[in-house]
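Just below is one structure, and these are the notes that go with it.
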Amino acid sequence: MKQIAIYGKGGIGKSSISSNLSVNLASEGFEVLLIGCDPKSDSTINLFGGRRIDTVLDLYKKDITDPDKLIFEGYNGVKGVEVGGPAAGVGCAGRGILVALKTLHKDYYLEKGFDIIIYDVPGDVVCGGFAGPAREGYADEIYIVTSGEYLSVYAANNIAKGLFNLKVKMGGIIGNMRGIPNEEEKIKSYSEEIGSQLINAVERNPKIYESEIEGKTVLEKYPDDPLNLKFKDIGNKIIKNKEAKVPNPTTDEKIRSIIGGLY
Amino acid sequence: MNILTPRPNPIVAALYTLRDLDVDVAVLHGPSGCGFRAARLLEEDGMKVVTTSMSEEDLIFGASDKLIEVLHEVDELFSPKTIGVVGSCVSMIIGENVKKAIIDSGLKDKAFFVEIHGCMGANTRGAIETLKAAMEFGLIDENEFKRQEKMLLLATEVESNNGMAKSKYTRPSRGTELKIVADHIVNLLKENKKIAVILNAKKETAYLFADIPLAINLASKKLGGSVINVGNLSTDVGLLRIKRYAEDIKNNFQSNCISIDYLSGGMDEYPIAGKNAIEYLKDKDFDLLVAVGIPQALPIINKESIAVTNGPREVHPLEDRGYKYVTVEIASHSTVMGTREIVLSELGEAIRNAAGIQ
């Protein structure tokens, strides 16, 4: 079993990538568990036709911690969990993640025979709690989602700094492109700069957004679209990936020169 | 320097300061065990202390509703005139909006918030923040706040220069055996010697420490010798409650026919009163100095001296300052709560025994 965590700048498409990746891996025959760690609880929404599942922390409040009740079966047999958390502006979402991860009983999921567990982690790693899924015993390796835009790469580099400090391995970068010139090359150069690799890059495609409006993944709404092959490729590479290593974050100047140099 | 010795924290200092301000109820917004030892003592002293008992769930989701509920409960249970809400590490880390909760509870005319937690440095910071909040709430005026702030900053300085915050780790010690100290004092009186006693006590601990000058005076009346009495028992400065302590102790001395030769300051002025006391004694002739309460706030003098503290971790720093004997009144905090008169001290008892006083 492989456990991975997806990090990246807020709004960059981590949840879109995670859910599309999950359903395509499932259609390849893998048992997949997607754990959404965002207090907004929107990571798994496209597995359930737009429905929000009960979150671990909401159930925890009601003293329900039985793992069977925390896990829901979504599209294509993918299992989904939402950590949940406090309303915006109150409490501590970071602590929520740590408590939810403990409540999730990792051993139980090991017994269930998942091939891959994907932790979809919100935005930047703002406090210790958000680094929880990257700690020992949870994700084996981290994937960072980024576009070729400066601020997105800057955020990715900041996450790489966190991984470097925590000595956590990084499996690679997944590109989610916005349609700027030479975007894939930019992301690839940055990946290599920090001693990592570009797994693959997804083009900007309205089909992703059209599917999301209906609470679906692309596979569910457009089963024959070639975009699904891209997600299958990313999934297979992740499953087979043995190249994970602690990244060497770079400097702001270097990021500017990589991105600026490729215009 | 990162000091390893555990020491008083700002949350507890805030609770004590609320007591000094005669606040009726302190609500600690935090875990049920936070500050519980101090809370128990303070309840014996008349102030109610309650906790919002934050749980893991509250940590994640916030506990403002719980705080509002607790405020309503204490209002109903105790009908208080004033309520102080004190922060804790957890409630402040998760950014609880306590001011809003107080407004939403409808109790903003009797409740005020002390924004404090355990990681804000010296304990005195908790006292300063409490006084500031009390000033903004209208319990004290700005002059009183400024005066007390100055004293608290000086007190912090005393601890870091001469007390347990001066070195990385301070071992606790009980110092010299009480009997040895008592015998020494009594023998000097028998030889007709002169003893200067400085009571430099912090607030309510004076009820205990005052027993030592009392015992020495009683011993002198029986055995001979003479005593110069100096104490920070001025009733001119400080909060009403603190002035009342000084008044009580002076009355006790008076009823035992003991006169105070010099008032070195008020009971919250211990960081400067020690200096005043030594200044007063500069030209006086005496054979032994006995300093009780906060001896670490006294300048060093070239005279045989005995220090009596209530902190086992103050013993080694005081020995370093050249005191012949340092001894500890271990039970000071628990025995003085709720009292209005001088309580028996261990050293006072040892002196009475040595002098044959019943």
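Residues are referred to by chain and number: the chain letter is A, B, ... according to the order shown in the structure tokens, the number counts from 1 in that chain, and ligands are numbered separately from 1 in the order shown.
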Counting only C-alpha atoms, give me one row per residue of chain B with an atom at most 6 Å from an atom of chain A, showing the shortest contact pair and its distance in Å to one decimal, sorted by chain then residue number, as a Markdown table.
| residue | atom | partner | partner_atom | distance |
| --- | --- | --- | --- | --- |
| B:Leu59 | CA | A:Gly91 | CA | 5.9 |
| B:Ile60 | CA | A:Cys92 | CA | 4.6 |
| B:Phe61 | CA | A:Gly91 | CA | 4.3 |
| B:Gly62 | CA | A:Gly91 | CA | 3.8 |
| B:Ile94 | CA | A:Gly91 | CA | 5.3 |
For the interface of region 82-177 of chain B with region 7-11 of chain B (cut-off 8 Å, counting only C-alpha atoms), please tabulate each contacting residue of region 82-177 of chain B alongside its nearest pair of atoms and their separation in Å to one decimal, rows sorted by chain and increasing number, as a tab-separated table.
residue	atom	partner	partner_atom	distance
B:Val86	CA	B:Ile11	CA	7.2
B:Gly87	CA	B:Ile11	CA	7.4
B:Ser88	CA	B:Ile11	CA	6.7
B:Ile116	CA	B:Ile11	CA	6.4
B:His117	CA	B:Ile11	CA	5.8
B:Gly118	CA	B:Pro10	CA	5.7
B:Cys119	CA	B:Pro10	CA	7.9
B:Met120	CA	B:Pro10	CA	6.9
B:Gly121	CA	B:Pro10	CA	7.3
B:Ala122	CA	B:Pro10	CA	6.5
B:Asn123	CA	B:Pro10	CA	3.9
B:Thr124	CA	B:Pro10	CA	6.3
B:Arg125	CA	B:Pro10	CA	5.8
B:Gly126	CA	B:Pro10	CA	3.9
B:Ala127	CA	B:Pro10	CA	6.9
What's around Gly266 (chain B) at 9 Å? Count only C-alpha atoms, leave out sequence neighbours fewer than 5 positions away in its own chain, and write the answer as an MDAnalysis selection string.
chainID B and resid 203 231:238 242:243 246 273
Do you have the CA of Ala5 (chain A)-CA of Lys169 (chain A) distance handy?
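Answer for the CA of Ala5 (chain A) to CA of Lys169 (chain A) separation: 10.6 Å.
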Just the strand (DSSP E or B) stuff from region 22-177 of chain A, please, per backbone DSSP, written as an MDAnalysis selection string.
chainID A and resid 32:36 72:73 79:82 116:120 141:146 170:176
Just want the 8 Å neighbourhood of Ile260 (chain B), counted on only C-alpha atoms, with same-chain residues fewer than 4 positions away dropped. Output as a PyMOL selection string.
chain B and resi 228-231
Keeping only N, CA, C and O atoms, write the selected residues as an mmCIF file, in the first residue's frame.
data_model
loop_
_atom_site.group_PDB
_atom_site.id
_atom_site.type_symbol
_atom_site.label_atom_id
_atom_site.label_comp_id
_atom_site.auth_asym_id
_atom_site.auth_seq_id
_atom_site.Cartn_x
_atom_site.Cartn_y
_atom_site.Cartn_z
ATOM 1 N N ILE B 228 15.177 46.590 66.164
ATOM 2 C CA ILE B 228 14.727 47.692 65.297
ATOM 3 C C ILE B 228 13.742 47.071 64.314
ATOM 4 O O ILE B 228 14.085 46.113 63.605
ATOM 5 N N ASN B 229 12.525 47.593 64.258
ATOM 6 C CA ASN B 229 11.512 47.027 63.372
ATOM 7 C C ASN B 229 11.285 47.888 62.135
ATOM 8 O O ASN B 229 10.946 49.065 62.236
ATOM 9 N N VAL B 230 11.496 47.257 60.987
ATOM 10 C CA VAL B 230 11.253 47.944 59.714
ATOM 11 C C VAL B 230 10.292 47.074 58.914
ATOM 12 O O VAL B 230 10.441 45.854 58.878
ATOM 13 N N GLY B 231 9.309 47.690 58.277
ATOM 14 C CA GLY B 231 8.380 46.877 57.484
ATOM 15 C C GLY B 231 7.728 47.666 56.362
ATOM 16 O O GLY B 231 7.539 48.887 56.477
#
Distance query region 245-261 of chain A at most 6 Å, only C-alpha atoms, self and fewer than 2 positions along chain excluded, as a list in words:
Asn157, Ala160, Lys161, Phe164, Lys167, Val168, Lys169, Met170, Lys186, Ile194, Gly195 and Tyr263 of chain A
Please produce a file of those selected residues containing N, CA and C atoms, as a compact mmCIF listing (two decimals), in the first residue's frame.
# COMPACT_ATOMS: atom_id res chain seq x y z
N ASN A 157 7.54 26.04 -3.80
CA ASN A 157 8.88 26.07 -3.23
C ASN A 157 8.83 26.20 -1.71
N ALA A 160 8.15 22.91 -0.47
CA ALA A 160 9.39 22.13 -0.56
C ALA A 160 10.31 22.45 0.62
N LYS A 161 10.30 23.73 1.04
CA LYS A 161 11.11 24.12 2.21
C LYS A 161 10.63 23.38 3.45
N PHE A 164 11.74 19.85 3.26
CA PHE A 164 13.18 19.78 3.54
C PHE A 164 13.41 19.84 5.05
N LYS A 167 12.31 16.72 6.63
CA LYS A 167 12.96 15.56 6.01
C LYS A 167 11.92 14.56 5.48
N VAL A 168 10.97 15.11 4.74
CA VAL A 168 9.92 14.29 4.14
C VAL A 168 10.21 14.15 2.65
N LYS A 169 9.97 12.94 2.14
CA LYS A 169 10.26 12.68 0.72
C LYS A 169 9.18 13.23 -0.19
N MET A 170 9.64 13.66 -1.34
CA MET A 170 8.72 14.19 -2.33
C MET A 170 8.75 13.28 -3.55
N LYS A 186 8.39 25.14 -17.99
CA LYS A 186 8.68 25.91 -16.78
C LYS A 186 8.55 25.03 -15.54
N ILE A 194 14.79 21.62 -8.05
CA ILE A 194 14.74 21.22 -6.64
C ILE A 194 15.03 19.72 -6.46
N GLY A 195 15.55 19.09 -7.51
CA GLY A 195 15.94 17.68 -7.40
C GLY A 195 14.76 16.74 -7.42
N TYR A 263 10.16 32.70 -21.20
CA TYR A 263 9.15 33.43 -21.98
C TYR A 263 9.62 33.60 -23.41
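Counting only C-alpha atoms, the residue from A:Asp107, A:Asp225, A:Asp115, A:Glu141 that sits nearest to Gly29 (chain A) is A:Asp115.
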When you look at region 343-357 of chain B with a cut-off of 10 Å (counting only C-alpha atoms), what residues show up, excluding the ones that are within fewer than 2 positions of it in the same chain? I need them as a compact mmCIF listing (two decimals) with N, CA and C atoms, in the first residue's frame.
# COMPACT_ATOMS: atom_id res chain seq x y z
N GLU B 177 18.53 24.55 58.99
CA GLU B 177 17.51 24.05 59.91
C GLU B 177 16.98 25.19 60.79
N LEU B 178 15.67 25.21 60.98
CA LEU B 178 15.04 26.31 61.72
C LEU B 178 15.59 26.47 63.14
N LYS B 179 15.87 25.35 63.79
CA LYS B 179 16.33 25.40 65.18
C LYS B 179 17.68 26.11 65.29
N ILE B 180 18.53 25.86 64.33
CA ILE B 180 19.86 26.51 64.35
C ILE B 180 19.70 28.02 64.24
N VAL B 181 18.80 28.42 63.32
CA VAL B 181 18.57 29.85 63.11
C VAL B 181 17.93 30.48 64.36
N ALA B 182 16.92 29.79 64.89
CA ALA B 182 16.21 30.32 66.07
C ALA B 182 17.16 30.44 67.26
N ASP B 183 17.98 29.40 67.48
CA ASP B 183 18.93 29.43 68.61
C ASP B 183 19.90 30.60 68.47
N HIS B 184 20.36 30.82 67.24
CA HIS B 184 21.30 31.91 67.01
C HIS B 184 20.68 33.25 67.39
N ILE B 185 19.44 33.47 66.94
CA ILE B 185 18.74 34.73 67.23
C ILE B 185 18.54 34.89 68.75
N VAL B 186 18.05 33.83 69.37
CA VAL B 186 17.76 33.89 70.80
C VAL B 186 19.04 34.10 71.63
N ASN B 187 20.12 33.42 71.22
CA ASN B 187 21.39 33.59 71.95
C ASN B 187 21.89 35.02 71.88
N LEU B 189 20.05 37.68 71.59
CA LEU B 189 19.21 38.49 72.49
C LEU B 189 19.63 38.28 73.94
N LYS B 190 19.94 37.04 74.28
CA LYS B 190 20.39 36.75 75.65
C LYS B 190 21.69 37.50 75.96
N THR B 205 1.42 37.29 51.85
CA THR B 205 2.41 36.46 52.55
C THR B 205 2.88 37.16 53.83
N ALA B 206 2.64 38.47 53.92
CA ALA B 206 3.02 39.22 55.13
C ALA B 206 2.34 38.68 56.38
N TYR B 207 1.13 38.13 56.22
CA TYR B 207 0.44 37.58 57.39
C TYR B 207 1.26 36.48 58.06
N LEU B 208 2.06 35.77 57.28
CA LEU B 208 2.92 34.74 57.83
C LEU B 208 4.28 35.32 58.23
N PHE B 209 4.88 36.06 57.31
CA PHE B 209 6.23 36.57 57.58
C PHE B 209 6.25 37.52 58.78
N ALA B 210 5.15 38.22 59.02
CA ALA B 210 5.11 39.16 60.16
C ALA B 210 5.23 38.43 61.49
N ASP B 211 4.97 37.13 61.46
CA ASP B 211 5.08 36.37 62.71
C ASP B 211 6.54 36.29 63.18
N ILE B 212 7.49 36.43 62.27
CA ILE B 212 8.90 36.32 62.65
C ILE B 212 9.35 37.56 63.44
N PRO B 213 9.11 38.80 62.90
CA PRO B 213 9.40 39.96 63.77
C PRO B 213 8.62 39.91 65.09
N LEU B 214 7.38 39.42 65.00
CA LEU B 214 6.58 39.31 66.22
C LEU B 214 7.27 38.42 67.25
N ALA B 215 7.72 37.24 66.82
CA ALA B 215 8.39 36.30 67.73
C ALA B 215 9.69 36.88 68.26
N ILE B 216 10.45 37.55 67.39
CA ILE B 216 11.73 38.12 67.83
C ILE B 216 11.49 39.20 68.89
N LEU B 218 8.88 39.43 70.89
CA LEU B 218 8.42 38.79 72.13
C LEU B 218 9.60 38.18 72.88
N ALA B 219 10.51 37.56 72.11
CA ALA B 219 11.71 36.96 72.72
C ALA B 219 12.57 38.02 73.38
N SER B 220 12.69 39.16 72.69
CA SER B 220 13.52 40.25 73.23
C SER B 220 12.92 40.80 74.51
N LYS B 222 11.29 39.19 76.64
CA LYS B 222 11.50 38.24 77.71
C LYS B 222 12.98 38.11 78.10
N LEU B 223 13.86 38.12 77.07
CA LEU B 223 15.25 37.75 77.34
C LEU B 223 16.24 38.90 77.36
N VAL B 308 14.92 34.96 55.35
CA VAL B 308 13.81 34.01 55.41
C VAL B 308 12.95 34.21 54.16
N THR B 327 16.69 30.42 55.36
CA THR B 327 15.75 29.38 55.72
C THR B 327 14.39 29.63 55.04
N VAL B 328 13.58 28.58 54.98
CA VAL B 328 12.36 28.65 54.16
C VAL B 328 11.10 28.47 55.01
N GLU B 329 10.13 29.35 54.79
CA GLU B 329 8.78 29.15 55.34
C GLU B 329 7.99 28.46 54.24
N ILE B 330 7.89 27.15 54.32
CA ILE B 330 7.41 26.39 53.17
C ILE B 330 5.91 26.55 52.93
N ALA B 331 5.14 26.74 53.99
CA ALA B 331 3.68 26.68 53.84
C ALA B 331 3.03 28.03 53.59
N SER B 332 3.83 29.02 53.23
CA SER B 332 3.32 30.40 53.25
C SER B 332 2.04 30.60 52.45
N THR B 335 -1.24 28.90 54.09
CA THR B 335 -1.73 29.26 55.43
C THR B 335 -2.32 30.66 55.50
N VAL B 336 -1.97 31.52 54.55
CA VAL B 336 -2.39 32.92 54.70
C VAL B 336 -3.73 33.23 54.04
N THR B 339 -7.14 34.77 55.85
CA THR B 339 -6.88 35.22 57.23
C THR B 339 -6.97 36.74 57.33
N ARG B 340 -7.24 37.22 58.54
CA ARG B 340 -7.18 38.66 58.79
C ARG B 340 -6.17 38.99 59.89
N GLU B 341 -5.48 37.95 60.38
CA GLU B 341 -4.44 38.24 61.36
C GLU B 341 -3.20 37.39 61.14
Counting only C-alpha atoms, the option among B:His333, B:Lys250, B:Arg244, B:Lys194 closest to Leu288 (chain B)
B:Lys194
Considering only C-alpha atoms, return as a short mmCIF file (atom, residue, chain, number, x, y, z; two decimals) with N, CA and C atoms, in the first residue's frame whatever protein or nucleic-acid residues lie within 6 Å of region 172-185 of chain A, sequence-local ones (same chain, fewer than 6 positions apart) excluded.
data_model
loop_
_atom_site.label_atom_id
_atom_site.label_comp_id
_atom_site.auth_asym_id
_atom_site.auth_seq_id
_atom_site.Cartn_x
_atom_site.Cartn_y
_atom_site.Cartn_z
N TYR A 143 3.29 14.85 -3.18
CA TYR A 143 3.25 15.41 -4.53
C TYR A 143 2.75 16.84 -4.44
N ILE A 144 3.42 17.71 -5.18
CA ILE A 144 3.00 19.12 -5.15
C ILE A 144 2.34 19.46 -6.49
N VAL A 145 1.17 20.07 -6.40
CA VAL A 145 0.48 20.52 -7.62
C VAL A 145 0.82 21.98 -7.86
N THR A 146 1.23 22.31 -9.08
CA THR A 146 1.50 23.72 -9.39
C THR A 146 1.21 24.01 -10.85
N SER A 147 0.93 25.29 -11.13
CA SER A 147 0.89 25.76 -12.52
C SER A 147 2.29 26.33 -12.81
N GLY A 148 2.45 26.95 -13.98
CA GLY A 148 3.75 27.56 -14.29
C GLY A 148 3.80 29.02 -13.88
N SER A 196 13.66 17.17 -8.05
CA SER A 196 12.49 16.30 -8.14
C SER A 196 12.18 16.05 -9.61
N GLN A 197 10.95 15.64 -9.89
CA GLN A 197 10.59 15.34 -11.28
C GLN A 197 9.16 15.79 -11.57
N LEU A 198 8.91 16.08 -12.83
CA LEU A 198 7.54 16.38 -13.23
C LEU A 198 6.87 15.06 -13.60
N ILE A 199 5.81 14.72 -12.90
CA ILE A 199 5.11 13.45 -13.17
C ILE A 199 4.36 13.57 -14.50
N ASN A 200 3.55 14.60 -14.63
CA ASN A 200 2.86 14.90 -15.87
C ASN A 200 2.14 16.23 -15.65
N ALA A 201 1.71 16.85 -16.73
CA ALA A 201 1.02 18.13 -16.58
C ALA A 201 -0.32 18.08 -17.29
N VAL A 202 -1.36 18.55 -16.58
CA VAL A 202 -2.72 18.53 -17.12
C VAL A 202 -3.02 19.90 -17.74
N GLU A 203 -3.49 19.87 -19.01
CA GLU A 203 -3.80 21.14 -19.66
C GLU A 203 -5.07 21.73 -19.06
N ARG A 204 -5.21 23.02 -19.25
CA ARG A 204 -6.46 23.69 -18.87
C ARG A 204 -7.55 23.13 -19.78
#
Have a look at CA of Lys102 (chain A) and CA of Lys9 (chain A) and let me know their distance in Å, one decimal.
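It comes out at 25.4 Å.
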